$ cat data-v1.pdb   # PDB, C-alpha atoms, pLDDT in the B column
MODEL        1
ATOM      1  CA  MET R   1       4.082  39.015 -16.441  1.00 50.00           C
ATOM      2  CA  ALA R   2       2.595  42.000 -18.193  1.00 47.00           C
ATOM      3  CA  THR R   3       2.983  42.396 -21.909  1.00 52.00           C
ATOM      4  CA  HIS R   4       3.656  45.615 -23.752  1.00 57.00           C
ATOM      5  CA  GLY R   5       0.979  48.226 -23.065  1.00 67.00           C
ATOM      6  CA  LYS R   6      -0.654  46.281 -20.217  1.00 75.00           C
ATOM      7  CA  GLU R   7      -0.638  47.308 -16.584  1.00 80.00           C
ATOM      8  CA  MET R   8       0.854  45.028 -13.972  1.00 84.00           C
ATOM      9  CA  THR R   9      -1.563  43.295 -11.659  1.00 84.00           C
ATOM     10  CA  PRO R  10      -1.499  44.117  -7.925  1.00 84.00           C
ATOM     11  CA  GLU R  11      -0.004  40.666  -7.241  1.00 87.00           C
ATOM     12  CA  GLU R  12       2.874  41.346  -9.653  1.00 87.00           C
ATOM     13  CA  LYS R  13       3.506  44.721  -8.022  1.00 87.00           C
ATOM     14  CA  LYS R  14       3.587  43.131  -4.544  1.00 87.00           C
ATOM     15  CA  MET R  15       6.045  40.505  -5.770  1.00 89.00           C
ATOM     16  CA  ILE R  16       8.337  43.192  -7.184  1.00 89.00           C
ATOM     17  CA  VAL R  17       8.227  45.219  -3.938  1.00 88.00           C
ATOM     18  CA  GLY R  18       8.842  42.084  -1.869  1.00 90.00           C
ATOM     19  CA  LEU R  19      11.831  41.004  -3.962  1.00 90.00           C
ATOM     20  CA  SER R  20      13.213  44.537  -3.878  1.00 88.00           C
ATOM     21  CA  GLU R  21      12.985  44.593  -0.060  1.00 89.00           C
ATOM     22  CA  GLN R  22      14.856  41.262   0.036  1.00 90.00           C
ATOM     23  CA  GLY R  23      17.753  42.965  -1.748  1.00 89.00           C
ATOM     24  CA  TYR R  24      17.224  41.869  -5.353  1.00 88.00           C
ATOM     25  CA  SER R  25      18.182  44.368  -8.044  1.00 89.00           C
ATOM     26  CA  GLY R  26      15.777  45.494 -10.754  1.00 87.00           C
ATOM     27  CA  HIS R  27      17.748  43.461 -13.297  1.00 89.00           C
ATOM     28  CA  LYS R  28      17.488  40.219 -11.254  1.00 90.00           C
ATOM     29  CA  ILE R  29      13.783  40.800 -10.536  1.00 90.00           C
ATOM     30  CA  GLY R  30      13.196  41.298 -14.250  1.00 88.00           C
ATOM     31  CA  LYS R  31      14.923  38.014 -15.067  1.00 88.00           C
ATOM     32  CA  LEU R  32      12.980  36.148 -12.375  1.00 87.00           C
ATOM     33  CA  LEU R  33       9.599  37.498 -13.456  1.00 86.00           C
ATOM     34  CA  GLY R  34      10.225  37.626 -17.206  1.00 87.00           C
ATOM     35  CA  GLU R  35       9.881  41.395 -17.412  1.00 87.00           C
ATOM     36  CA  LYS R  36      12.219  44.077 -18.717  1.00 88.00           C
ATOM     37  CA  SER R  37      14.507  45.548 -16.056  1.00 87.00           C
ATOM     38  CA  ARG R  38      13.579  49.056 -17.249  1.00 90.00           C
ATOM     39  CA  THR R  39       9.927  48.389 -16.401  1.00 87.00           C
ATOM     40  CA  ILE R  40      10.868  47.057 -12.961  1.00 89.00           C
ATOM     41  CA  ASN R  41      13.180  49.987 -12.212  1.00 90.00           C
ATOM     42  CA  LYS R  42      10.583  52.566 -13.309  1.00 88.00           C
ATOM     43  CA  PHE R  43       7.987  50.927 -11.073  1.00 87.00           C
ATOM     44  CA  LEU R  44      10.375  50.773  -8.101  1.00 89.00           C
ATOM     45  CA  LYS R  45      11.352  54.429  -8.550  1.00 89.00           C
ATOM     46  CA  ARG R  46       7.686  55.451  -8.621  1.00 87.00           C
ATOM     47  CA  PHE R  47       6.986  53.242  -5.590  1.00 86.00           C
ATOM     48  CA  HIS R  48       9.827  54.755  -3.533  1.00 85.00           C
ATOM     49  CA  CYS R  49       8.787  58.322  -4.419  1.00 84.00           C
ATOM     50  CA  SER R  50       5.058  57.932  -3.762  1.00 81.00           C
ATOM     51  CA  GLY R  51       5.039  55.051  -1.302  1.00 80.00           C
ATOM     52  CA  SER R  52       2.120  53.537  -3.174  1.00 80.00           C
ATOM     53  CA  GLU R  53       1.787  50.723  -5.710  1.00 81.00           C
ATOM     54  CA  GLU R  54      -1.033  52.541  -7.503  1.00 80.00           C
ATOM     55  CA  ASN R  55      -0.506  53.913 -11.000  1.00 76.00           C
ATOM     56  CA  ASN R  56      -0.613  57.612 -11.761  1.00 72.00           C
ATOM     57  CA  GLY R  57      -3.806  59.050 -13.205  1.00 72.00           C
ATOM     58  CA  ARG R  58      -4.197  59.009 -16.945  1.00 74.00           C
ATOM     59  CA  SER R  59      -4.544  62.093 -19.050  1.00 82.00           C
ATOM     60  CA  GLY R  60      -7.031  62.365 -21.867  1.00 84.00           C
ATOM     61  CA  ARG R  61     -10.688  61.743 -22.355  1.00 85.00           C
ATOM     62  CA  ARG R  62     -12.345  58.615 -20.989  1.00 83.00           C
ATOM     63  CA  LYS R  63     -13.961  56.178 -23.361  1.00 84.00           C
ATOM     64  CA  LYS R  64     -17.682  56.587 -23.898  1.00 87.00           C
ATOM     65  CA  ILE R  65     -18.159  52.833 -24.159  1.00 88.00           C
ATOM     66  CA  ASP R  66     -17.232  51.062 -20.928  1.00 88.00           C
ATOM     67  CA  ILE R  67     -16.925  47.331 -20.295  1.00 89.00           C
ATOM     68  CA  SER R  68     -20.641  46.696 -19.759  1.00 89.00           C
ATOM     69  CA  ASP R  69     -21.518  48.715 -22.875  1.00 90.00           C
ATOM     70  CA  ASP R  70     -18.959  46.699 -24.798  1.00 90.00           C
ATOM     71  CA  ARG R  71     -20.682  43.473 -23.732  1.00 91.00           C
ATOM     72  CA  LYS R  72     -24.037  44.904 -24.869  1.00 90.00           C
ATOM     73  CA  LEU R  73     -22.483  45.738 -28.227  1.00 90.00           C
ATOM     74  CA  GLN R  74     -21.083  42.220 -28.579  1.00 91.00           C
ATOM     75  CA  ARG R  75     -24.500  40.729 -27.722  1.00 91.00           C
ATOM     76  CA  LEU R  76     -26.156  42.929 -30.336  1.00 89.00           C
ATOM     77  CA  LEU R  77     -23.628  41.811 -32.901  1.00 87.00           C
ATOM     78  CA  ARG R  78     -24.180  38.135 -32.106  1.00 88.00           C
ATOM     79  CA  THR R  79     -27.967  38.407 -32.533  1.00 88.00           C
ATOM     80  CA  ASP R  80     -27.693  39.345 -36.218  1.00 85.00           C
ATOM     81  CA  ARG R  81     -24.339  39.366 -38.000  1.00 81.00           C
ATOM     82  CA  ARG R  82     -25.824  40.918 -41.148  1.00 83.00           C
ATOM     83  CA  GLN R  83     -26.771  44.250 -39.581  1.00 87.00           C
ATOM     84  CA  THR R  84     -25.365  47.438 -41.034  1.00 88.00           C
ATOM     85  CA  LEU R  85     -23.349  49.821 -38.901  1.00 90.00           C
ATOM     86  CA  GLY R  86     -26.304  52.225 -38.731  1.00 91.00           C
ATOM     87  CA  GLU R  87     -28.633  49.485 -37.501  1.00 92.00           C
ATOM     88  CA  ILE R  88     -26.125  48.375 -34.865  1.00 91.00           C
ATOM     89  CA  THR R  89     -25.663  51.987 -33.699  1.00 92.00           C
ATOM     90  CA  ASP R  90     -29.423  52.599 -33.481  1.00 93.00           C
ATOM     91  CA  ALA R  91     -30.004  49.386 -31.532  1.00 92.00           C
ATOM     92  CA  PHE R  92     -27.079  50.160 -29.204  1.00 91.00           C
ATOM     93  CA  ASN R  93     -28.270  53.710 -28.558  1.00 91.00           C
ATOM     94  CA  GLY R  94     -31.692  52.317 -27.661  1.00 90.00           C
ATOM     95  CA  GLN R  95     -30.080  50.343 -24.817  1.00 86.00           C
ATOM     96  CA  ALA R  96     -27.199  52.624 -23.741  1.00 79.00           C
ATOM     97  CA  TYR R  97     -27.331  55.422 -21.186  1.00 83.00           C
ATOM     98  CA  ILE R  98     -25.191  57.750 -23.286  1.00 85.00           C
ATOM     99  CA  PRO R  99     -25.880  57.840 -27.033  1.00 90.00           C
ATOM    100  CA  VAL R 100     -22.806  57.378 -29.223  1.00 92.00           C
ATOM    101  CA  SER R 101     -22.028  58.023 -32.866  1.00 93.00           C
ATOM    102  CA  SER R 102     -21.616  55.372 -35.511  1.00 92.00           C
ATOM    103  CA  MET R 103     -17.890  56.216 -35.661  1.00 93.00           C
ATOM    104  CA  THR R 104     -17.561  55.338 -31.950  1.00 93.00           C
ATOM    105  CA  VAL R 105     -19.330  52.016 -32.543  1.00 92.00           C
ATOM    106  CA  ARG R 106     -17.123  51.332 -35.573  1.00 92.00           C
ATOM    107  CA  LYS R 107     -13.947  52.002 -33.575  1.00 92.00           C
ATOM    108  CA  GLN R 108     -15.119  49.796 -30.709  1.00 91.00           C
ATOM    109  CA  LEU R 109     -15.979  46.961 -33.090  1.00 91.00           C
ATOM    110  CA  LYS R 110     -12.578  47.302 -34.737  1.00 91.00           C
ATOM    111  CA  TYR R 111     -10.903  47.273 -31.320  1.00 90.00           C
ATOM    112  CA  ASN R 112     -12.747  44.012 -30.549  1.00 89.00           C
ATOM    113  CA  GLY R 113     -11.481  42.431 -33.775  1.00 89.00           C
ATOM    114  CA  CYS R 114     -14.642  42.665 -35.869  1.00 87.00           C
ATOM    115  CA  LYS R 115     -14.033  43.313 -39.553  1.00 84.00           C
ATOM    116  CA  ARG R 116     -16.268  44.851 -42.169  1.00 82.00           C
ATOM    117  CA  HIS R 117     -17.436  42.677 -45.038  1.00 79.00           C
ATOM    118  CA  THR R 118     -19.805  43.163 -47.886  1.00 79.00           C
ATOM    119  CA  GLU R 119     -22.044  40.217 -48.484  1.00 76.00           C
ATOM    120  CA  THR R 120     -21.351  38.484 -51.769  1.00 78.00           C
ATOM    121  CA  LYS R 121     -24.395  38.025 -53.951  1.00 79.00           C
ATOM    122  CA  LYS R 122     -24.901  34.402 -54.936  1.00 79.00           C
ATOM    123  CA  THR R 123     -27.503  33.232 -57.345  1.00 81.00           C
ATOM    124  CA  PRO R 124     -29.284  30.214 -55.927  1.00 84.00           C
ATOM    125  CA  ILE R 125     -29.178  26.993 -57.921  1.00 86.00           C
ATOM    126  CA  SER R 126     -32.638  25.642 -58.659  1.00 90.00           C
ATOM    127  CA  PRO R 127     -33.387  22.010 -57.815  1.00 92.00           C
ATOM    128  CA  VAL R 128     -33.776  21.228 -61.535  1.00 93.00           C
ATOM    129  CA  ASN R 129     -30.326  22.639 -62.377  1.00 91.00           C
ATOM    130  CA  ARG R 130     -28.843  20.887 -59.362  1.00 91.00           C
ATOM    131  CA  MET R 131     -30.127  17.548 -60.692  1.00 93.00           C
ATOM    132  CA  LYS R 132     -28.763  18.332 -64.170  1.00 93.00           C
ATOM    133  CA  MET R 133     -25.362  19.133 -62.690  1.00 90.00           C
ATOM    134  CA  LYS R 134     -25.309  15.865 -60.738  1.00 92.00           C
ATOM    135  CA  ARG R 135     -26.306  13.902 -63.849  1.00 92.00           C
ATOM    136  CA  PHE R 136     -23.551  15.626 -65.863  1.00 88.00           C
ATOM    137  CA  CYS R 137     -20.959  14.784 -63.196  1.00 89.00           C
ATOM    138  CA  ARG R 138     -22.027  11.167 -62.963  1.00 91.00           C
ATOM    139  CA  GLU R 139     -21.887  10.770 -66.762  1.00 88.00           C
ATOM    140  CA  LYS R 140     -18.390  12.262 -66.953  1.00 86.00           C
ATOM    141  CA  LEU R 141     -17.042  10.548 -63.825  1.00 88.00           C
ATOM    142  CA  HIS R 142     -15.006   7.935 -65.708  1.00 87.00           C
ATOM    143  CA  TRP R 143     -13.718  10.163 -68.517  1.00 86.00           C
ATOM    144  CA  LYS R 144      -9.990  10.059 -69.218  1.00 86.00           C
ATOM    145  CA  VAL R 145      -7.994  13.280 -69.543  1.00 82.00           C
ATOM    146  CA  ARG R 146      -6.249  12.400 -72.810  1.00 79.00           C
ATOM    147  CA  GLU R 147      -9.256  10.915 -74.552  1.00 82.00           C
ATOM    148  CA  ASN R 148     -12.196  13.049 -73.458  1.00 83.00           C
ATOM    149  CA  TRP R 149     -11.351  16.162 -71.379  1.00 81.00           C
ATOM    150  CA  LYS R 150      -8.727  17.470 -73.816  1.00 82.00           C
ATOM    151  CA  LYS R 151     -11.565  18.042 -76.297  1.00 81.00           C
ATOM    152  CA  VAL R 152     -13.569  20.268 -73.904  1.00 79.00           C
ATOM    153  CA  ILE R 153     -13.167  24.049 -73.590  1.00 78.00           C
ATOM    154  CA  PHE R 154     -14.394  25.705 -70.396  1.00 73.00           C
ATOM    155  CA  SER R 155     -14.804  29.373 -69.683  1.00 70.00           C
ATOM    156  CA  ASP R 156     -16.787  31.169 -67.012  1.00 68.00           C
ATOM    157  CA  GLU R 157     -19.093  34.157 -67.308  1.00 62.00           C
ATOM    158  CA  THR R 158     -17.324  37.221 -65.923  1.00 57.00           C
ATOM    159  CA  LYS R 159     -17.905  40.953 -65.904  1.00 54.00           C
ATOM    160  CA  ASN R 160     -15.265  43.456 -66.882  1.00 53.00           C
ATOM    161  CA  ARG R 161     -14.462  46.313 -64.456  1.00 49.00           C
ATOM    162  CA  ASP R 162     -16.549  48.798 -66.407  1.00 46.00           C
ATOM    163  CA  ARG R 163     -19.263  46.123 -66.745  1.00 45.00           C
ATOM    164  CA  LYS R 164     -19.615  46.634 -70.474  1.00 44.00           C
ATOM    165  CA  GLN R 165     -18.057  43.504 -71.840  1.00 43.00           C
ATOM    166  CA  ARG R 166     -19.186  40.013 -70.950  1.00 43.00           C
ATOM    167  CA  GLN R 167     -17.833  36.610 -71.707  1.00 42.00           C
ATOM    168  CA  SER R 168     -20.284  33.792 -71.835  1.00 41.00           C
ATOM    169  CA  LEU R 169     -20.053  30.242 -70.650  1.00 41.00           C
ATOM    170  CA  CYS R 170     -18.801  28.061 -73.437  1.00 40.00           C
ATOM    171  CA  VAL R 171     -18.564  24.291 -73.349  1.00 45.00           C
ATOM    172  CA  ALA R 172     -17.614  22.988 -76.748  1.00 43.00           C
ATOM    173  CA  TYR R 173     -17.369  19.321 -77.623  1.00 42.00           C
ATOM    174  CA  ASN R 174     -15.387  18.183 -80.655  1.00 36.00           C
TER     175      ASN R 174
ENDMDL
END
$ encode --input "data-v1.pdb" --output "structure tokens"
Amino acid sequence: MATHGKEMTPEEKKMIVGLSEQGYSGHKIGKLLGEKSRTINKFLKRFHCSGSEENNGRSGRRKKIDISDDRKLQRLLRTDRRQTLGEITDAFNGQAYIPVSSMTVRKQLKYNGCKRHTETKKTPISPVNRMKMKRFCREKLHWKVRENWKKVIFSDETKNRDRKQRQSLCVAYN
């Protein structure tokens, strides 16, 4: 059955009306279909008043991005995941019938579960340093903790928040 905030399908509505005409109460229909009895009773009340299974019209402004526009937006996002919001908006507006703002695109992406991330900067390791690291690891592969590694001090280069102080990498052998 429908979950919170979702509309019932026409098949579900027909089942509710059919069970109601067979004499089932809203509470029993709710138990049978796994829906709250309040939801069933509200639907039945609306059905008996209007004679129609259709929902009432919604108030408020319609979304600028419809289902087909949403698919276009998802396709744009899949082509290049590293685009900025401005680039995505410009590319989308080039394809869409109605231009939208970057805030609209941001909200739609958030609604679809996309999250913002800043790319972390990584310094590439040169092939020479990669070979040196492998050699170091192979040499130290059979070291014992008590005999060898206790004599080594490791620290990593980090930046302070105000980026004034630095600690340097220090590997000291005794």
$ residues_around --input "data-v1.pdb" --residues "segment 13-19 of chain R" --least-positions-apart "6" --cutoff "9 Å" --atoms "all atoms listed in the file" --output "PDB file with C-alpha atoms, in the coordinates of the input"
ATOM      1  CA  SER R  25      18.182  44.368  -8.044  1.00 89.00           C
ATOM      2  CA  GLY R  26      15.777  45.494 -10.754  1.00 87.00           C
ATOM      3  CA  ILE R  29      13.783  40.800 -10.536  1.00 90.00           C
ATOM      4  CA  GLY R  30      13.196  41.298 -14.250  1.00 88.00           C
ATOM      5  CA  LEU R  33       9.599  37.498 -13.456  1.00 86.00           C
ATOM      6  CA  ILE R  40      10.868  47.057 -12.961  1.00 89.00           C
ATOM      7  CA  PHE R  43       7.987  50.927 -11.073  1.00 87.00           C
ATOM      8  CA  LEU R  44      10.375  50.773  -8.101  1.00 89.00           C
ATOM      9  CA  PHE R  47       6.986  53.242  -5.590  1.00 86.00           C
ATOM     10  CA  GLU R  53       1.787  50.723  -5.710  1.00 81.00           C
TER      11      GLU R  53
END
$ atom_distance --input "data-v1.pdb" --atom1 "atom CA of Ile67 of chain R" --atom2 "atom CA of Gly86 of chain R"
21.3 Å
$ atom_distance --input "data-v1.pdb" --atom1 "atom CA of Phe154 of chain R" --atom2 "atom CA of Thr120 of chain R"
23.6 Å
$ closest_residue --input "data-v1.pdb" --among "R:Ser155, R:Asn41, R:Asn55, R:Arg61" --to "Glu7 of chain R" --atoms "all atoms listed in the file"
R:Asn55
$ resolve_selection --input "data-v1.pdb" --expression "the PyMOL selection byres ((chain R and resi 69-79) around 12)" --output "ChimeraX atom specification"
/R:63-68,80-85,87-100,104-115
$ write_last_selection --input "data-v1.pdb" --atoms "C-alpha atoms" --output "CSV table (one decimal), in the frame of the given file"
chain,number,residue,atom,x,y,z
R,63,LYS,CA,-14.0,56.2,-23.4
R,64,LYS,CA,-17.7,56.6,-23.9
R,65,ILE,CA,-18.2,52.8,-24.2
R,66,ASP,CA,-17.2,51.1,-20.9
R,67,ILE,CA,-16.9,47.3,-20.3
R,68,SER,CA,-20.6,46.7,-19.8
R,80,ASP,CA,-27.7,39.3,-36.2
R,81,ARG,CA,-24.3,39.4,-38.0
R,82,ARG,CA,-25.8,40.9,-41.1
R,83,GLN,CA,-26.8,44.2,-39.6
R,84,THR,CA,-25.4,47.4,-41.0
R,85,LEU,CA,-23.3,49.8,-38.9
R,87,GLU,CA,-28.6,49.5,-37.5
R,88,ILE,CA,-26.1,48.4,-34.9
R,89,THR,CA,-25.7,52.0,-33.7
R,90,ASP,CA,-29.4,52.6,-33.5
R,91,ALA,CA,-30.0,49.4,-31.5
R,92,PHE,CA,-27.1,50.2,-29.2
R,93,ASN,CA,-28.3,53.7,-28.6
R,94,GLY,CA,-31.7,52.3,-27.7
R,95,GLN,CA,-30.1,50.3,-24.8
R,96,ALA,CA,-27.2,52.6,-23.7
R,97,TYR,CA,-27.3,55.4,-21.2
R,98,ILE,CA,-25.2,57.8,-23.3
R,99,PRO,CA,-25.9,57.8,-27.0
R,100,VAL,CA,-22.8,57.4,-29.2
R,104,THR,CA,-17.6,55.3,-32.0
R,105,VAL,CA,-19.3,52.0,-32.5
R,106,ARG,CA,-17.1,51.3,-35.6
R,107,LYS,CA,-13.9,52.0,-33.6
R,108,GLN,CA,-15.1,49.8,-30.7
R,109,LEU,CA,-16.0,47.0,-33.1
R,110,LYS,CA,-12.6,47.3,-34.7
R,111,TYR,CA,-10.9,47.3,-31.3
R,112,ASN,CA,-12.7,44.0,-30.5
R,113,GLY,CA,-11.5,42.4,-33.8
R,114,CYS,CA,-14.6,42.7,-35.9
R,115,LYS,CA,-14.0,43.3,-39.6
$ atom_distance --input "data-v1.pdb" --atom1 "atom CA of Val152 of chain R" --atom2 "atom CA of Ile125 of chain R"
23.3 Å
$ decode --input "data-v1.pdb" --residues "segment 33-53 of chain R" --atoms "N, CA and C atoms" --output "short mmCIF file (atom, residue, chain, number, x, y, z; two decimals), in the first residue's frame"
data_model
loop_
_atom_site.label_atom_id
_atom_site.label_comp_id
_atom_site.auth_asym_id
_atom_site.auth_seq_id
_atom_site.Cartn_x
_atom_site.Cartn_y
_atom_site.Cartn_z
N LEU R 33 -5.27 -4.32 3.92
CA LEU R 33 -4.38 -3.73 2.92
C LEU R 33 -3.11 -3.14 3.52
N GLY R 34 -2.98 -3.19 4.85
CA GLY R 34 -1.77 -2.67 5.48
C GLY R 34 -1.70 -1.15 5.46
N GLU R 35 -2.84 -0.52 5.58
CA GLU R 35 -2.91 0.94 5.56
C GLU R 35 -3.61 1.40 6.83
N LYS R 36 -3.37 2.64 7.22
CA LYS R 36 -4.03 3.17 8.41
C LYS R 36 -5.52 3.34 8.14
N SER R 37 -6.34 3.03 9.17
CA SER R 37 -7.79 3.14 9.00
C SER R 37 -8.21 4.59 8.77
N ARG R 38 -7.44 5.54 9.32
CA ARG R 38 -7.77 6.96 9.11
C ARG R 38 -7.65 7.32 7.62
N THR R 39 -6.63 6.81 6.96
CA THR R 39 -6.45 7.06 5.54
C THR R 39 -7.61 6.47 4.74
N ILE R 40 -8.00 5.25 5.08
CA ILE R 40 -9.09 4.58 4.38
C ILE R 40 -10.39 5.34 4.58
N ASN R 41 -10.66 5.73 5.83
CA ASN R 41 -11.92 6.44 6.12
C ASN R 41 -11.97 7.80 5.44
N LYS R 42 -10.84 8.52 5.40
CA LYS R 42 -10.82 9.82 4.71
C LYS R 42 -11.09 9.63 3.23
N PHE R 43 -10.50 8.59 2.63
CA PHE R 43 -10.72 8.34 1.21
C PHE R 43 -12.18 7.98 0.95
N LEU R 44 -12.75 7.10 1.80
CA LEU R 44 -14.14 6.69 1.61
C LEU R 44 -15.10 7.87 1.77
N LYS R 45 -14.83 8.75 2.72
CA LYS R 45 -15.67 9.93 2.93
C LYS R 45 -15.63 10.82 1.68
N ARG R 46 -14.42 11.03 1.15
CA ARG R 46 -14.27 11.85 -0.04
C ARG R 46 -14.96 11.17 -1.24
N PHE R 47 -14.87 9.86 -1.32
CA PHE R 47 -15.48 9.12 -2.42
C PHE R 47 -17.01 9.23 -2.36
N HIS R 48 -17.58 9.09 -1.17
CA HIS R 48 -19.04 9.16 -1.03
C HIS R 48 -19.57 10.56 -1.29
N CYS R 49 -18.79 11.59 -0.94
CA CYS R 49 -19.23 12.97 -1.18
C CYS R 49 -19.15 13.34 -2.66
N SER R 50 -18.04 12.97 -3.31
CA SER R 50 -17.83 13.40 -4.70
C SER R 50 -18.27 12.35 -5.71
N GLY R 51 -18.30 11.10 -5.31
CA GLY R 51 -18.64 10.04 -6.23
C GLY R 51 -17.51 9.67 -7.18
N SER R 52 -16.33 10.22 -6.92
CA SER R 52 -15.19 9.96 -7.78
C SER R 52 -14.00 9.50 -6.95
N GLU R 53 -13.15 8.68 -7.57
CA GLU R 53 -11.94 8.21 -6.89
C GLU R 53 -10.78 9.18 -7.07
#
